[in-house]
Amino acid sequence: MRLVYLSPVPWASFAQRPQKFVRWFHERTGGDVLWLEPYPSRFPCLSDFRKIGVSDKTESNLGESWLRVLKPHALPIEPLPGSGLINKQLYWSGLLKSVADFARDQEVLVVIGKPTTLALQVMRLLKDHPSVYDAMDDFPTFFSGMSRASMARRELQIGSSAHAVLASSTKLRKKWELHNLNVSFVPNGLDAALLPPARTIPVSSGPKTFGYLGTVGAWFDWQWMIQLAKACPQDTVHIVGPVFAPCNEKLPENLKLSPPCSHKDALQAMLTFDVAVIPFLKNDLTSSVDPIKYYEYRALGLPIISTSFGEMAYRGEQDGVFLCDDPQQLDLAINKTMNHCASAEVITHFKNENDWHARFDASVISSLYAPQKSL
């Protein structure tokens with residue numbers, strides 16, 4: 001069986017759910033994969049120009065023989081009626097032919113990671129093959145105005161007509177159960193094979209490093225992070241990752257920024273943290289988010305201080321997780337981390353339970369293909 005995957009992120013970006021799914025599929029089936037990169041699916045806005053020169057590319061294309069990556073070109077006019085016809089005429093006819101050639105005389109699974117007009121065209125082209133919408137975010141909340149309404153319509157078309165929907169958070173599961181009878185709750189996870197040995201020692205009583213690893217976007221709570229740095233002047237607050245939404249005020253001297261790195265290096269960077277943090281704003285944008293970094297932090301034995309956004313709101317009783325929405329209450333959360341020390345047994349169980357392979361093996365996806373027994 002083969003896979004056509006329309007991704008919300010570039011292949012060479014920091015490895016996330018899309019890349020992990022594709023590798024899982026190939027390992028389970030031995031099938032080839034056609035990966036379609038994302039393209040602009042809304043009108044340009046001012047924030048796009050701020051991202052010029054900022055890259056989230058961290059991985060190299062290893063040239064896997066089973067993988068073909070195609071980059072669609074498009075005019076950024078998708079909210080407009082007829083935009084699909086225009087882009088198909090100008091840019092997509094050759095790409096759609098490549099998709100058709102890839103699928104010819106083959107069993108193919110179509111997975112949509114981002115609800116775009118091109119995704120709709122691919123679903124129609126391969127209508128005789130099973131399709132899955134992997135709902136990783138509440139995509140319309142990332143847009144505004146006409147772009148938001150257009151995205152909501154496209155997403156509903158795709159999610160309601162797909163053979164199955166995977167929902168990465170509780171809110172997304174509830175949303176899609178209203179529109180599709182075959183919805184699986186598939187939270188995010190971790191790649192246990194990549195993880196270095198976890199730390200199983202208590203947090204130091206001396207100078208500490210509070211760390212965040214990931215993208216700094218519109219969802220990032222800079223004020224929370226600044227307050228943390230001010231509350232702990234003797235400690236280091238470290239942000240590792242691309243900054244697409246920079247802070248508009250002077251940062252404290254003990255708040256350090258580092259550029260994005262490969263997934264392997266990122267995991268090593270996490271081990272330099274004494275306490276991991278996830279300072280996301282609580283709003284529509286984050287209400288459906290299940291952060292992958294939560295799984296990696298916990299699998300490395302790190303205590304976590306997080307705001308109670310999205311799926312994190314359900315984790316206040318989890319081992320080593322301390323929720324704090326009010327920056328003025330950070331001292332209490334910090335003190336709680338001092339008494340945390342994850343056991344090797346708890347960490348091993350957590351890794352096994354939340355590995356990407358376990359996630360996808362347990363999903364409805366497994367019923368849509370015949371696994372290759374030898375893999």
# chains A, B, ... in the order shown; residues from 1 in each chain; ligands from 1

call {"tool": "residues_around", "arguments": {"residues": "Ile239 (chain A)", "least_positions_apart": "6", "cutoff": "10 Å", "atoms": "only C-alpha atoms", "output": "ChimeraX atom specification"}}
result
/A:210-216,225,255-260,277

call {"tool": "residues_around", "arguments": {"residues": "Gly113 (chain A)", "least_positions_apart": "3", "cutoff": "7 Å", "atoms": "only C-alpha atoms", "output": "compact mmCIF listing (two decimals) with N, CA and C atoms, in the first residue's frame"}}
result
# COMPACT_ATOMS: atom_id res chain seq x y z
N LEU A 6 -0.74 15.01 2.67
CA LEU A 6 -0.73 16.46 2.50
C LEU A 6 -0.44 17.09 3.85
N SER A 7 0.75 17.65 3.99
CA SER A 7 1.28 18.02 5.30
C SER A 7 1.05 19.49 5.65
N PRO A 8 0.89 19.78 6.95
CA PRO A 8 0.83 21.17 7.41
C PRO A 8 2.20 21.77 7.65
N TYR A 133 -8.65 12.37 7.70
CA TYR A 133 -8.29 13.73 8.10
C TYR A 133 -7.67 13.66 9.49
N ASP A 134 -6.41 14.04 9.60
CA ASP A 134 -5.72 14.06 10.89
C ASP A 134 -5.85 15.46 11.47
N ALA A 135 -6.80 15.65 12.38
CA ALA A 135 -7.07 16.96 12.97
C ALA A 135 -6.08 17.21 14.11

call {"tool": "select_by_dssp", "arguments": {"residues": "region 70-274 of chain A", "states": "strand (DSSP E or B)", "output": "MDAnalysis selection string"}}
result
chainID A and resid 70 108:112 131:135 164:167 183:185 190 209:213 216 220 236:240 243 255:258

call {"tool": "atom_distance", "arguments": {"atom1": "CA of Gly30 (chain A)", "atom2": "CA of Pro18 (chain A)"}}
result
17.3 Å

call {"tool": "atom_distance", "arguments": {"atom1": "CA of Gln268 (chain A)", "atom2": "CA of Leu195 (chain A)"}}
result
8.6 Å

call {"tool": "residues_around", "arguments": {"residues": "Gly189 (chain A)", "least_positions_apart": "6", "cutoff": "12 Å", "atoms": "only C-alpha atoms", "output": "PDB file with C-alpha atoms, in the first residue's frame"}}
result
ATOM      1  CA  ALA A  15      10.062  16.299  13.233  1.00  0.00           C
ATOM      2  CA  GLN A  16       6.492  16.303  14.516  1.00  0.00           C
ATOM      3  CA  ARG A  17       3.343  14.212  14.191  1.00  0.00           C
ATOM      4  CA  PRO A  18       3.269  14.335  10.348  1.00  0.00           C
ATOM      5  CA  LYS A  20       6.338  10.444  12.631  1.00  0.00           C
ATOM      6  CA  PHE A  21       3.137   9.211  11.000  1.00  0.00           C
ATOM      7  CA  SER A 168      -5.278  14.963  18.694  1.00  0.00           C
ATOM      8  CA  SER A 169      -7.125  16.594  21.619  1.00  0.00           C
ATOM      9  CA  ASP A 290      -1.788  18.845  22.700  1.00  0.00           C
ATOM     10  CA  PRO A 291       1.904  19.849  22.881  1.00  0.00           C
ATOM     11  CA  ILE A 292       4.384  17.175  21.819  1.00  0.00           C
ATOM     12  CA  LYS A 293       6.962  18.726  24.114  1.00  0.00           C
ATOM     13  CA  TYR A 294       4.889  17.567  27.116  1.00  0.00           C
ATOM     14  CA  TYR A 295       5.558  13.942  26.202  1.00  0.00           C
ATOM     15  CA  GLU A 296       9.257  14.477  25.621  1.00  0.00           C
ATOM     16  CA  TYR A 297       9.723  16.487  28.808  1.00  0.00           C
ATOM     17  CA  ARG A 298       8.068  13.767  30.884  1.00  0.00           C
ATOM     18  CA  ALA A 299       9.911  10.942  29.122  1.00  0.00           C
ATOM     19  CA  PHE A 350       5.183   6.486  30.162  1.00  0.00           C
ATOM     20  CA  LYS A 351       7.472   6.044  27.141  1.00  0.00           C
ATOM     21  CA  ASN A 352       5.957   2.703  26.159  1.00  0.00           C
ATOM     22  CA  GLU A 353       2.402   3.961  26.559  1.00  0.00           C
ATOM     23  CA  ASN A 354       2.931   7.148  24.548  1.00  0.00           C
ATOM     24  CA  ASP A 355       5.288   6.069  21.768  1.00  0.00           C
ATOM     25  CA  TRP A 356       4.146   7.088  18.280  1.00  0.00           C
ATOM     26  CA  HIS A 357       4.004   3.453  17.177  1.00  0.00           C
ATOM     27  CA  ALA A 358       1.606   2.612  20.015  1.00  0.00           C
ATOM     28  CA  ARG A 359      -0.487   5.670  19.149  1.00  0.00           C
ATOM     29  CA  PHE A 360      -0.922   4.889  15.465  1.00  0.00           C
TER      30      PHE A 360
END
